[in-house]
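Have a look at final_3.txt below; it lists compact mmCIF, C-alpha atoms.
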```txt
# COMPACT_ATOMS: atom_id res chain seq x y z
CA MET Z 1 0.00 0.00 0.00
CA THR Z 2 1.04 3.60 -0.41
CA PRO Z 3 3.01 5.06 2.51
CA ARG Z 4 0.74 7.01 4.84
CA SER Z 5 1.63 10.57 5.68
CA GLY Z 6 0.29 13.91 6.82
CA LEU Z 7 -2.86 13.84 8.93
CA PHE Z 8 -2.98 10.03 8.83
CA THR Z 9 0.31 9.24 10.56
CA SER Z 10 -1.48 8.32 13.80
CA ILE Z 11 -5.09 7.36 13.11
CA SER Z 12 -6.59 5.60 16.08
CA HIS Z 13 -8.79 2.58 15.38
CA LEU Z 14 -12.38 3.46 14.58
CA SER Z 15 -15.21 0.99 14.89
CA VAL Z 16 -15.77 -0.36 11.41
CA ARG Z 17 -19.28 0.12 10.12
CA GLY Z 18 -20.54 -1.39 6.91
CA LEU Z 19 -19.31 0.75 4.05
CA CYS Z 20 -21.70 0.27 1.15
CA LEU Z 21 -20.01 2.02 -1.77
CA CYS Z 22 -19.99 0.59 -5.26
CA ILE Z 23 -16.65 0.46 -7.04
CA GLY Z 24 -17.08 3.19 -9.57
CA LEU Z 25 -19.38 6.13 -9.08
CA MET Z 26 -22.08 7.34 -6.70
CA PHE Z 27 -24.04 10.51 -7.27
CA PHE Z 28 -25.91 12.82 -4.99
CA HIS Z 29 -27.46 16.17 -5.69
CA ALA Z 30 -26.58 18.54 -2.87
CA GLY Z 31 -30.16 19.58 -2.68
CA ILE Z 32 -31.98 17.94 0.23
CA GLN Z 33 -33.29 21.09 1.85
CA SER Z 34 -32.29 21.43 5.48
CA GLN Z 35 -34.69 22.61 8.16
CA ASP Z 36 -31.64 23.82 10.08
CA SER Z 37 -30.21 26.16 7.47
CA ASN Z 38 -28.88 28.46 10.18
CA MET Z 39 -26.11 25.96 10.80
CA GLY Z 40 -24.06 27.48 7.97
CA ARG Z 41 -21.37 29.94 9.07
CA PRO Z 42 -20.84 32.58 6.36
CA ILE Z 43 -17.30 33.77 5.77
CA GLU Z 44 -16.89 37.31 7.02
CA GLY Z 45 -17.55 39.79 4.24
CA ILE Z 46 -19.18 37.31 1.84
CA THR Z 47 -22.82 37.43 0.79
CA PRO Z 48 -23.86 34.06 -0.72
CA GLN Z 49 -25.43 34.27 -4.17
CA PRO Z 50 -27.34 31.52 -6.02
CA THR Z 51 -25.13 29.67 -8.50
CA GLN Z 52 -26.00 29.71 -12.22
CA GLY Z 53 -26.37 25.96 -12.25
CA PRO Z 54 -25.22 22.91 -10.30
CA LEU Z 55 -21.48 22.79 -9.73
CA ARG Z 56 -19.76 19.57 -10.77
CA ILE Z 57 -17.76 18.27 -7.82
CA GLY Z 58 -15.63 15.12 -7.81
CA ILE Z 59 -14.59 13.43 -4.54
CA ALA Z 60 -11.70 10.96 -4.89
CA LEU Z 61 -10.91 9.26 -1.57
CA PRO Z 62 -9.55 5.86 -0.36
CA PHE Z 63 -12.86 4.35 0.80
CA HIS Z 64 -11.52 0.78 0.57
CA ALA Z 65 -15.07 -0.29 -0.17
CA SER Z 66 -14.28 -3.76 -1.53
CA GLY Z 67 -11.46 -4.66 0.84
CA THR Z 68 -11.75 -7.86 2.86
CA LYS Z 69 -9.50 -6.78 5.75
CA GLN Z 70 -10.60 -4.51 8.57
CA ASN Z 71 -9.48 -1.00 7.72
CA ALA Z 72 -10.01 2.02 9.96
CA LEU Z 73 -9.53 4.30 6.96
CA SER Z 74 -12.90 3.17 5.60
CA ASP Z 75 -14.69 4.75 8.56
CA ALA Z 76 -12.51 7.88 8.48
CA MET Z 77 -13.16 8.49 4.78
CA LEU Z 78 -16.87 7.74 5.07
CA ASP Z 79 -17.19 10.14 8.00
CA TYR Z 80 -15.36 12.86 6.07
CA TYR Z 81 -17.65 12.30 3.08
CA LEU Z 82 -20.83 12.35 5.20
CA GLY Z 83 -19.77 15.57 6.92
CA LEU Z 84 -19.07 17.14 3.52
CA LYS Z 85 -22.41 15.91 2.21
CA LEU Z 86 -24.31 17.28 5.21
CA ALA Z 87 -22.73 20.72 4.67
CA PHE Z 88 -23.75 20.72 0.99
CA GLN Z 89 -27.30 19.67 1.84
CA GLU Z 90 -27.71 22.45 4.42
CA LEU Z 91 -26.39 25.06 1.99
CA GLU Z 92 -29.13 24.39 -0.55
CA ALA Z 93 -31.37 26.69 1.44
CA GLU Z 94 -28.86 29.44 0.61
CA GLY Z 95 -28.97 28.65 -3.12
CA PHE Z 96 -26.17 26.10 -3.40
CA LYS Z 97 -26.54 23.24 -5.89
CA ALA Z 98 -24.00 20.62 -6.86
CA ASN Z 99 -23.82 17.32 -8.71
CA VAL Z 100 -21.27 15.27 -6.80
CA THR Z 101 -19.46 12.22 -8.14
CA VAL Z 102 -17.59 9.93 -5.74
CA TYR Z 103 -14.53 7.89 -6.77
CA ASP Z 104 -12.82 5.19 -4.69
CA THR Z 105 -9.05 5.59 -5.17
CA GLU Z 106 -8.25 2.50 -3.06
CA PRO Z 107 -11.16 0.09 -3.36
CA THR Z 108 -9.40 -3.15 -2.35
CA ASP Z 109 -6.55 -4.71 -0.36
CA SER Z 110 -4.54 -5.20 -3.56
CA LEU Z 111 -1.99 -2.63 -4.69
CA PRO Z 112 -2.21 -3.70 -8.38
CA LEU Z 113 -6.02 -3.47 -8.31
CA ASN Z 114 -5.83 -0.06 -6.64
CA GLN Z 115 -3.43 1.13 -9.35
CA LEU Z 116 -5.90 -0.12 -11.93
CA ALA Z 117 -8.67 1.80 -10.17
CA LEU Z 118 -6.62 5.01 -10.44
CA LYS Z 119 -6.10 4.39 -14.16
CA ASN Z 120 -9.83 3.90 -14.62
CA ILE Z 121 -10.54 7.16 -12.80
CA ALA Z 122 -7.95 9.01 -14.88
CA SER Z 123 -9.45 7.71 -18.12
CA ASN Z 124 -13.01 8.59 -17.11
CA LYS Z 125 -14.00 11.49 -19.36
CA ASN Z 126 -16.19 12.98 -16.62
CA PHE Z 127 -13.47 13.11 -13.95
CA ILE Z 128 -11.47 16.08 -15.23
CA ASP Z 129 -14.69 17.77 -16.34
CA ASN Z 130 -15.57 18.59 -12.72
CA ASN Z 131 -15.41 22.22 -11.60
CA ILE Z 132 -13.94 21.14 -8.26
CA ILE Z 133 -12.04 17.94 -7.40
CA ILE Z 134 -11.42 16.96 -3.76
CA GLY Z 135 -8.67 14.38 -3.25
CA PRO Z 136 -6.94 11.98 -3.43
CA VAL Z 137 -5.52 11.91 0.09
CA TYR Z 138 -2.07 10.43 -0.54
CA GLU Z 139 0.66 12.14 -2.54
CA GLN Z 140 1.48 9.21 -4.80
CA ASN Z 141 -2.18 8.70 -5.71
CA PHE Z 142 -2.45 12.40 -6.44
CA LYS Z 143 0.60 12.33 -8.70
CA ASP Z 144 -0.68 9.21 -10.45
CA LEU Z 145 -3.96 10.92 -11.29
CA ILE Z 146 -2.55 14.16 -12.67
CA SER Z 147 0.22 12.45 -14.65
CA SER Z 148 -1.52 9.29 -15.84
CA PRO Z 149 -0.91 8.56 -19.56
CA ASN Z 150 -4.50 7.29 -19.62
CA GLY Z 151 -5.83 10.72 -18.66
CA SER Z 152 -8.57 11.62 -21.11
CA TRP Z 153 -7.84 15.32 -20.59
CA ILE Z 154 -4.26 15.23 -21.89
CA ASN Z 155 -5.36 15.58 -25.50
CA SER Z 156 -8.51 17.57 -24.88
CA ALA Z 157 -7.44 20.07 -22.22
CA ASN Z 158 -6.48 22.69 -24.80
CA LYS Z 159 -9.77 22.31 -26.67
CA PRO Z 160 -12.39 23.21 -24.09
CA THR Z 161 -16.08 23.35 -24.84
CA LEU Z 162 -18.63 25.73 -23.43
CA ALA Z 163 -21.17 24.21 -21.07
CA SER Z 164 -24.64 25.67 -21.19
CA VAL Z 165 -26.27 27.24 -18.14
CA PRO Z 166 -30.00 27.77 -17.44
CA ASN Z 167 -30.16 31.33 -18.76
CA GLY Z 168 -28.25 30.45 -21.90
CA SER Z 169 -25.17 32.47 -20.98
CA THR Z 170 -21.64 31.16 -20.66
CA THR Z 171 -18.74 32.19 -18.49
CA SER Z 172 -15.14 31.09 -18.10
CA GLU Z 173 -16.26 29.09 -15.08
CA ASN Z 174 -18.50 26.95 -17.31
CA ILE Z 175 -15.69 25.87 -19.60
CA SER Z 176 -14.95 22.16 -19.59
CA GLY Z 177 -11.46 20.72 -19.88
CA ASN Z 178 -9.74 21.38 -16.54
CA PRO Z 179 -11.04 21.72 -12.99
CA GLN Z 180 -11.04 25.28 -11.70
CA LEU Z 181 -10.11 23.99 -8.25
CA TRP Z 182 -8.30 20.79 -7.25
CA ILE Z 183 -7.96 20.31 -3.49
CA SER Z 184 -5.84 18.13 -1.22
CA PRO Z 185 -8.23 17.77 1.75
CA LEU Z 186 -6.26 16.00 4.48
CA THR Z 187 -2.51 16.23 3.90
CA TYR Z 188 0.09 18.56 2.39
CA ILE Z 189 1.05 17.73 -1.20
CA LYS Z 190 3.66 19.84 -2.96
CA PRO Z 191 1.93 21.47 -5.95
CA LYS Z 192 3.05 20.25 -9.33
CA ALA Z 193 2.36 21.51 -12.84
CA GLN Z 194 1.55 18.92 -15.47
CA LYS Z 195 2.18 19.08 -19.20
CA GLY Z 196 -1.10 19.03 -21.08
CA LEU Z 197 -3.13 20.69 -18.34
CA SER Z 198 -3.90 24.34 -19.05
CA THR Z 199 -4.47 25.16 -15.35
CA GLY Z 200 -2.54 24.29 -12.26
CA PRO Z 201 -0.20 23.52 -10.62
CA PHE Z 202 -2.23 21.03 -8.64
CA PRO Z 203 -3.35 20.87 -5.90
CA ASN Z 204 -4.58 24.45 -6.04
CA ILE Z 205 -5.30 24.36 -2.29
CA ASN Z 206 -3.81 22.31 0.53
CA PHE Z 207 -6.22 22.32 3.47
CA PHE Z 208 -3.46 20.94 5.72
CA ILE Z 209 0.15 22.11 5.55
CA ASN Z 210 3.64 20.95 6.51
CA ASP Z 211 5.32 21.82 9.81
CA THR Z 212 7.44 24.71 8.49
CA LEU Z 213 4.40 26.53 7.09
CA ARG Z 214 2.44 25.77 10.25
CA TYR Z 215 5.11 27.30 12.52
CA LYS Z 216 5.06 30.40 10.33
CA SER Z 217 1.30 30.54 10.75
CA VAL Z 218 1.59 30.33 14.55
CA ALA Z 219 4.17 33.14 14.55
CA LYS Z 220 2.07 35.47 12.39
CA ASN Z 221 -1.05 34.84 14.45
CA VAL Z 222 0.78 35.54 17.71
CA VAL Z 223 1.86 38.94 16.38
CA ARG Z 224 -1.70 39.60 15.20
CA MET Z 225 -3.20 38.68 18.60
CA PHE Z 226 -0.61 40.59 20.65
CA PRO Z 227 0.62 43.48 18.47
CA LYS Z 228 1.95 45.58 21.39
CA HIS Z 229 3.52 42.82 23.50
CA ARG Z 230 7.21 42.07 23.80
CA ILE Z 231 7.81 38.59 22.35
CA CYS Z 232 10.46 36.28 23.82
CA LEU Z 233 11.26 33.04 21.99
CA ILE Z 234 12.27 30.23 24.36
CA ILE Z 235 14.71 27.54 23.19
CA ASP Z 236 16.55 24.67 24.86
CA ALA Z 237 19.47 22.41 23.94
CA ALA Z 238 17.47 20.25 21.49
CA LYS Z 239 18.77 20.36 17.91
CA THR Z 240 15.42 21.42 16.47
CA SER Z 241 14.78 24.18 19.00
CA LYS Z 242 16.90 27.05 17.66
CA PRO Z 243 16.01 26.46 13.97
CA LYS Z 244 12.36 26.58 15.01
CA ALA Z 245 12.95 29.87 16.85
CA LEU Z 246 14.58 31.34 13.76
CA ILE Z 247 11.51 30.43 11.70
CA TYR Z 248 9.33 32.16 14.27
CA LYS Z 249 11.52 35.28 14.42
CA ALA Z 250 11.65 35.66 10.64
CA SER Z 251 7.85 35.49 10.53
CA MET Z 252 7.33 37.91 13.45
CA PHE Z 253 8.27 41.03 11.57
CA LYS Z 254 8.01 44.22 13.60
CA PRO Z 255 9.39 47.70 12.94
CA ASN Z 256 11.66 47.37 15.98
CA GLY Z 257 13.60 44.09 15.85
CA LYS Z 258 14.35 44.32 19.60
CA LEU Z 259 10.72 43.43 20.33
CA VAL Z 260 11.43 39.79 19.36
CA THR Z 261 14.31 38.15 21.24
CA ILE Z 262 15.62 34.60 21.76
CA HIS Z 263 16.24 33.20 25.26
CA THR Z 264 17.75 29.83 26.25
CA ILE Z 265 16.25 27.92 29.18
CA LYS Z 266 18.42 25.63 31.31
CA ASP Z 267 17.51 24.36 34.78
CA GLY Z 268 14.63 26.83 34.92
CA VAL Z 269 16.86 29.85 34.22
CA LEU Z 270 16.64 32.00 31.08
CA THR Z 271 19.67 33.46 29.34
CA PRO Z 272 19.42 36.34 28.75
CA ALA Z 273 16.92 37.14 31.48
CA LEU Z 274 13.45 38.41 30.67
CA PRO Z 275 13.00 42.18 30.50
CA LYS Z 276 11.59 43.71 33.68
CA ARG Z 277 8.16 44.66 32.40
CA ASP Z 278 4.60 43.44 31.93
CA SER Z 279 2.91 42.48 28.64
CA ILE Z 280 5.33 39.73 27.61
CA ILE Z 281 4.61 36.74 25.40
CA LEU Z 282 6.84 33.67 25.92
CA VAL Z 283 6.77 31.49 22.80
CA ALA Z 284 8.05 27.97 23.46
CA CYS Z 285 10.20 26.60 20.63
CA THR Z 286 10.78 23.21 22.22
CA ASP Z 287 8.93 19.91 22.32
CA ASP Z 288 9.68 19.58 26.06
CA VAL Z 289 6.37 20.41 27.72
CA ALA Z 290 8.07 20.32 31.15
CA VAL Z 291 9.49 23.82 30.59
CA ARG Z 292 5.94 25.17 30.98
CA ILE Z 293 6.22 25.02 34.80
CA PRO Z 294 9.37 27.19 35.24
CA LEU Z 295 8.15 29.58 32.52
CA GLU Z 296 4.85 30.09 34.34
CA LYS Z 297 6.71 30.85 37.56
CA LEU Z 298 8.72 33.55 35.77
CA ILE Z 299 5.62 35.49 34.72
CA GLU Z 300 2.97 34.53 37.30
CA LYS Z 301 3.23 37.87 39.14
CA ARG Z 302 3.32 40.01 36.01
CA GLN Z 303 0.36 41.52 34.24
CA GLN Z 304 -0.90 40.58 30.75
CA CYS Z 305 1.69 37.85 30.17
CA TRP Z 306 1.09 34.60 28.30
CA ILE Z 307 2.94 31.46 27.27
CA ILE Z 308 2.42 30.16 23.73
CA GLY Z 309 3.05 26.41 23.80
CA ASP Z 310 4.73 24.42 21.09
CA LEU Z 311 2.48 22.85 18.47
CA SER Z 312 3.13 19.44 20.04
CA TRP Z 313 2.05 20.43 23.56
CA PHE Z 314 -1.73 20.37 23.20
CA GLU Z 315 -1.76 16.88 21.75
CA ASP Z 316 0.18 15.68 24.79
CA LYS Z 317 -1.56 17.63 27.52
CA ARG Z 318 -5.23 17.81 26.62
CA TYR Z 319 -5.89 14.33 28.03
CA TYR Z 320 -4.20 14.99 31.37
CA SER Z 321 -6.40 15.50 34.43
CA GLY Z 322 -6.00 18.25 37.00
CA LEU Z 323 -4.62 20.76 34.49
CA ASN Z 324 -5.49 24.44 34.83
CA ASP Z 325 -3.43 26.52 32.41
CA GLU Z 326 -4.89 29.99 32.62
CA ILE Z 327 -1.77 31.65 31.24
CA CYS Z 328 -0.71 29.02 28.68
CA ILE Z 329 -2.17 29.13 25.16
CA TYR Z 330 -1.89 25.96 23.09
CA PRO Z 331 -1.74 26.30 19.28
CA THR Z 332 -3.25 23.36 17.41
CA VAL Z 333 -4.95 22.50 14.13
CA ASN Z 334 -7.90 20.27 15.02
CA PHE Z 335 -9.91 21.40 18.03
CA THR Z 336 -13.66 21.13 18.57
CA ASP Z 337 -15.07 23.38 21.29
CA PHE Z 338 -18.12 21.61 22.70
CA HIS Z 339 -19.09 24.79 24.57
CA ASP Z 340 -20.15 26.08 21.15
CA THR Z 341 -23.87 25.49 20.55
CA ALA Z 342 -23.29 25.09 16.80
CA THR Z 343 -20.93 22.18 17.53
CA LEU Z 344 -23.53 20.45 19.69
CA HIS Z 345 -26.18 21.10 17.04
CA PHE Z 346 -24.02 19.49 14.35
CA SER Z 347 -23.30 16.44 16.52
CA LYS Z 348 -27.00 15.89 17.19
CA LYS Z 349 -27.93 16.36 13.55
CA PHE Z 350 -25.18 14.03 12.33
CA PHE Z 351 -26.37 11.35 14.75
CA SER Z 352 -30.02 11.77 13.80
CA THR Z 353 -29.16 11.67 10.09
CA TYR Z 354 -26.62 8.83 10.00
CA GLY Z 355 -27.18 6.97 13.29
CA THR Z 356 -23.64 7.36 14.59
CA GLU Z 357 -21.49 9.90 16.44
CA PRO Z 358 -19.35 12.14 14.20
CA SER Z 359 -15.60 11.58 14.35
CA ARG Z 360 -13.13 14.41 13.82
CA PHE Z 361 -13.14 13.53 10.11
CA ALA Z 362 -16.87 14.28 9.95
CA PHE Z 363 -16.21 17.70 11.49
CA ILE Z 364 -13.35 18.33 9.02
CA GLY Z 365 -15.55 17.34 6.07
CA TYR Z 366 -18.36 19.59 7.29
CA ASP Z 367 -16.03 22.59 7.72
CA GLN Z 368 -14.47 22.15 4.28
CA GLY Z 369 -17.86 21.61 2.64
CA SER Z 370 -19.29 24.76 4.24
CA TYR Z 371 -16.27 26.81 3.23
CA LEU Z 372 -16.32 25.55 -0.36
CA GLY Z 373 -20.06 26.05 -0.65
CA PHE Z 374 -20.15 29.62 0.66
CA SER Z 375 -17.08 30.62 -1.37
CA SER Z 376 -18.36 29.05 -4.62
CA MET Z 377 -21.77 30.69 -4.24
CA ALA Z 378 -20.16 34.10 -3.83
CA PHE Z 379 -17.41 33.90 -6.46
CA GLY Z 380 -17.74 30.64 -8.42
CA PRO Z 381 -15.45 27.59 -8.23
CA ASN Z 382 -12.35 29.66 -8.97
CA PHE Z 383 -12.91 31.74 -5.84
CA VAL Z 384 -9.42 31.77 -4.32
CA SER Z 385 -8.24 35.01 -5.96
CA SER Z 386 -11.37 36.77 -4.65
CA LEU Z 387 -10.61 35.91 -0.99
CA PRO Z 388 -7.26 37.58 -0.27
CA ASP Z 389 -7.64 37.60 3.50
CA ALA Z 390 -10.89 35.91 4.56
CA THR Z 391 -11.08 33.53 7.52
CA TYR Z 392 -13.73 30.87 8.05
CA GLU Z 393 -14.11 29.73 11.65
CA GLY Z 394 -15.44 26.20 11.44
CA LEU Z 395 -16.40 23.63 14.03
CA ILE Z 396 -12.97 22.00 14.16
CA ASN Z 397 -10.67 24.03 11.87
CA SER Z 398 -9.97 27.66 11.09
CA ILE Z 399 -9.63 28.10 7.33
CA HIS Z 400 -7.54 31.00 6.09
CA ILE Z 401 -6.26 30.58 2.56
CA ARG Z 402 -2.93 32.31 2.16
CA GLY Z 403 -1.73 33.07 -1.35
CA GLY Z 404 1.40 31.19 -2.33
CA GLY Z 405 1.84 32.23 -5.94
CA SER Z 406 -0.32 29.90 -8.00
CA ALA Z 407 -0.68 27.36 -5.17
CA PRO Z 408 -2.38 28.82 -2.07
CA TYR Z 409 -2.63 26.89 1.19
CA ASN Z 410 -4.61 26.99 4.42
CA ASP Z 411 -2.58 28.40 7.29
CA GLY Z 412 -5.48 28.61 9.75
CA ILE Z 413 -4.56 27.82 13.37
CA ARG Z 414 -6.67 27.38 16.50
CA PHE Z 415 -5.51 28.64 19.89
CA VAL Z 416 -6.77 26.84 23.00
CA VAL Z 417 -6.67 27.73 26.68
CA ILE Z 418 -7.45 25.15 29.38
CA TYR Z 419 -9.55 26.28 32.35
CA GLU Z 420 -9.96 23.72 35.14
CA ASP Z 421 -9.20 20.74 32.92
CA THR Z 422 -11.61 21.92 30.19
CA PRO Z 423 -10.19 23.22 26.88
CA HIS Z 424 -11.79 26.30 25.29
CA LEU Z 425 -10.99 28.24 22.14
CA PHE Z 426 -8.88 31.22 23.15
CA ASN Z 427 -10.63 34.54 22.65
CA GLN Z 428 -8.71 37.65 23.54
```
Turn this file's structure into structure tokens for me.
Amino acid sequence: MTPRSGLFTSISHLSVRGLCLCIGLMFFHAGIQSQDSNMGRPIEGITPQPTQGPLRIGIALPFHASGTKQNALSDAMLDYYLGLKLAFQELEAEGFKANVTVYDTEPTDSLPLNQLALKNIASNKNFIDNNIIIGPVYEQNFKDLISSPNGSWINSANKPTLASVPNGSTTSENISGNPQLWISPLTYIKPKAQKGLSTGPFPNINFFINDTLRYKSVAKNVVRMFPKHRICLIIDAAKTSKPKALIYKASMFKPNGKLVTIHTIKDGVLTPALPKRDSIILVACTDDVAVRIPLEKLIEKRQQCWIIGDLSWFEDKRYYSGLNDEICIYPTVNFTDFHDTATLHFSKKFFSTYGTEPSRFAFIGYDQGSYLGFSSMAFGPNFVSSLPDATYEGLINSIHIRGGGSAPYNDGIRFVVIYEDTPHLFNQ
């Protein structure tokens, strides 16, 4: 099987439900009107508009529908798909319509048969004719699809045809031949241009990014949240600590470079010492969560001081009991705040619709589906250039698409504070 990477490096076992997907295609029209249309969370500054006709959306995921061995990925992919589907269905009340085609990129336990499945998808004339394609999940599968010699679009991509719309008009967004948006939904894939495709490079959007980009995102958000604070980067003797601090410092641009300094911690002592003032942010650039205790002691009697934990800290500490971190803020990617009534509403609706509790993949699918739906209604499937600095606050992820030349990526980060053993989204 293909090596697993990205978000799937540590999937815990999920109870395997029956996954009834035919090898080939399934269709649904995102048009079952929801009685709970207020569940949608519009992106700030966007007014949804009815689309000129149903979008064509392709979903290519490793459902493993015909495999004979127990596979936790089947449940994860099905949950993601059902969350996505529920978001599309709810958005119909806002004017959203889509014809969705589902492809199984890994239908069996056999690597040769899975490779054959990818070739069949690539040669399907309808696959590349979608306005939006979501998936595959794994980098090799993604590369196989966009570079397959069996791809029916290789010879036709430069000869697009105009698709008709209800009012008889045509726009560039209705031109067949290449997708306007090709998304990697669950892992970072380095964008790659492909000869024969008139658009690209693909993926156009990575919803999850690599560690270097994620650290840059944390750094920029810290400066945004605390623009007037002095920022002190905390490193230790670990080999990765100082390089991480340098990434942070380069991303924390301020007019006065002295406002961002690097301090080494050893035996609870910082070198150089912290400045004698209030309003300090200590940003941990070490995986060692134990340094949190001496850092808290250094600032516990000062006013308006916070510790920003390392990205690894929340995953380690959120399950511990007896934790009350009122001055430590944990950056993370996936966090669902069950104090949010919209989160509880979604969980109840997912259960009543599908008869099972939503996993984190269902929440991720719902967030991405809502974001894609609202954005496409406002600006069409090629909406990225029209959203230079919009943020969508979902149920589990924050989505902020940052331009990266022709290959934007999501650098959204969630910040969590733990009060009396209960995590909450941090709101300053």
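Take atom CA of Val289 of chain Z and atom CA of Ile399 of chain Z: the distance between them is 27.0 Å.
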> In Å to one decimal, how far is atom CA of Phe361 of chain Z from atom CA of Leu61 of chain Z?
Replying inline: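 Atom CA of Leu61 of chain Z sits 12.6 Å away from atom CA of Phe361 of chain Z.
The coordinates place atom CA of Tyr81 of chain Z at 17.7 Å from atom CA of Phe374 of chain Z.
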>> What's around Asp287 of chain Z at 8 Å? Count only C-alpha atoms, leave out sequence neighbours fewer than 6 positions away in its own chain, and write the answer as a PyMOL selection string.
In response: chain Z and resi 241+310+312-313
>> Using all atoms listed in the file for the distances, tell me which of Z:Gln89, Z:Pro275, Z:Asp129, Z:Gly135 is nearest to Phe63 of chain Z.
In response: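 For Phe63 of chain Z, the nearest of the candidates is Z:Gly135.
The shortest atom-to-atom distance to Ser74 of chain Z, with only C-alpha atoms taken into account, belongs to Z:Asp104 out of Z:Asp104, Z:Glu139, Z:Asp337, Z:Glu393.
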> Leaving out Ala284 of chain Z and any residue of its chain fewer than 2 positions from it, which residues lie within 9 Å of it when counting all atoms listed in the file, given as a ChimeraX atom specification?
Replying inline: /Z:232-235,241,245,282,286-289,291-292,307-310
>> Considering all atoms listed in the file, can you say which of Z:Pro179, Z:Gly268, Z:Gly365, Z:Gly83 comes closest to Ala290 of chain Z?
In response: Z:Gly268
>> Neighbouring residues of segment 411-426 of chain Z were defined as those with any atom within 9 Å, considering all atoms listed in the file; residues of the same chain fewer than 4 positions away were excluded. Please report them as a ChimeraX atom specification.
In response: /Z:207-209,213-214,216-218,221,308,314,318-339,391-393,396-402
> If we count only C-alpha atoms, what is near Glu357 of chain Z at a cut-off of 12 Å, once residues fewer than 2 positions away on the same chain are taken out, given as a PyMOL selection string?
Replying inline: chain Z and resi 14-15+17+75+79+82-83+344+346-355+359-363
Take the residues just selected and output them with C-alpha atoms as a short mmCIF file (atom, residue, chain, number, x, y, z; two decimals), in the coordinates of the input.
```cif
data_model
loop_
_atom_site.label_atom_id
_atom_site.label_comp_id
_atom_site.auth_asym_id
_atom_site.auth_seq_id
_atom_site.Cartn_x
_atom_site.Cartn_y
_atom_site.Cartn_z
CA LEU Z 14 -12.38 3.46 14.58
CA SER Z 15 -15.21 0.99 14.89
CA ARG Z 17 -19.28 0.12 10.12
CA ASP Z 75 -14.69 4.75 8.56
CA ASP Z 79 -17.19 10.14 8.00
CA LEU Z 82 -20.83 12.35 5.20
CA GLY Z 83 -19.77 15.57 6.92
CA LEU Z 344 -23.53 20.45 19.69
CA PHE Z 346 -24.02 19.49 14.35
CA SER Z 347 -23.30 16.44 16.52
CA LYS Z 348 -27.00 15.89 17.19
CA LYS Z 349 -27.93 16.36 13.55
CA PHE Z 350 -25.18 14.03 12.33
CA PHE Z 351 -26.37 11.35 14.75
CA SER Z 352 -30.02 11.77 13.80
CA THR Z 353 -29.16 11.67 10.09
CA TYR Z 354 -26.62 8.83 10.00
CA GLY Z 355 -27.18 6.97 13.29
CA SER Z 359 -15.60 11.58 14.35
CA ARG Z 360 -13.13 14.41 13.82
CA PHE Z 361 -13.14 13.53 10.11
CA ALA Z 362 -16.87 14.28 9.95
CA PHE Z 363 -16.21 17.70 11.49
#
```
Go ahead and fit an axis-aligned box to every listed atom of segment 388-407 of chain Z plus 3 Å each side, and pass me the centre and edge lengths in Å, one decimal, as lines of an AutoDock Vina configuration file.
```
center_x = -7.3
center_y = 29.8
center_z = 3.1
size_x = 24.2
size_y = 21.6
size_z = 28.2
```
Place a sphere of radius 9 Å on (-8.6, 9.2, 7.4) in the file coordinates and name every protein, DNA or RNA residue with an atom inside or on its surface, counting only C-alpha atoms; give the answer as an mmCIF file with C-alpha atoms, in the frame of the given file.
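Listed below is the output, part.cif:
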```cif
data_model
loop_
_atom_site.group_PDB
_atom_site.id
_atom_site.type_symbol
_atom_site.label_atom_id
_atom_site.label_comp_id
_atom_site.auth_asym_id
_atom_site.auth_seq_id
_atom_site.Cartn_x
_atom_site.Cartn_y
_atom_site.Cartn_z
ATOM 1 C CA LEU Z 7 -2.860 13.840 8.930
ATOM 2 C CA PHE Z 8 -2.980 10.030 8.830
ATOM 3 C CA ILE Z 11 -5.090 7.360 13.110
ATOM 4 C CA PRO Z 62 -9.550 5.860 -0.360
ATOM 5 C CA ALA Z 72 -10.010 2.020 9.960
ATOM 6 C CA LEU Z 73 -9.530 4.300 6.960
ATOM 7 C CA SER Z 74 -12.900 3.170 5.600
ATOM 8 C CA ASP Z 75 -14.690 4.750 8.560
ATOM 9 C CA ALA Z 76 -12.510 7.880 8.480
ATOM 10 C CA MET Z 77 -13.160 8.490 4.780
ATOM 11 C CA LEU Z 78 -16.870 7.740 5.070
ATOM 12 C CA ASP Z 79 -17.190 10.140 8.000
ATOM 13 C CA TYR Z 80 -15.360 12.860 6.070
ATOM 14 C CA VAL Z 137 -5.520 11.910 0.090
ATOM 15 C CA LEU Z 186 -6.260 16.000 4.480
ATOM 16 C CA PHE Z 361 -13.140 13.530 10.110
#
```
>> Could you check the closest approach to Lys97 of chain Z for each of Z:Lys244, Z:Lys190, Z:Arg56, Z:Lys220 and tell me which residue wins, using only C-alpha atoms?
In response: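 Nearest candidate to Lys97 of chain Z out of Z:Lys244, Z:Lys190, Z:Arg56, Z:Lys220: Z:Arg56.
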> Leu270 of chain Z: which residues within 10 Å, counting all atoms listed in the file, same-chain residues fewer than 4 positions away excluded, as a PyMOL selection string?
Replying inline: chain Z and resi 234-236+262-266+274+294-295+298
> Restricting the calculation to all atoms listed in the file, which member of Z:Ile57, Z:Leu116, Z:Leu259, Z:Ile146 is positioned closest to Asn130 of chain Z?
Replying inline: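 Ranked by minimum distance to Asn130 of chain Z, first place goes to Z:Ile57.
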>> Ranking Z:Cys285, Z:Pro272, Z:Gln304, Z:Met225 by minimum distance to Thr240 of chain Z and counting all atoms listed in the file, which one comes first?
In response: Z:Cys285
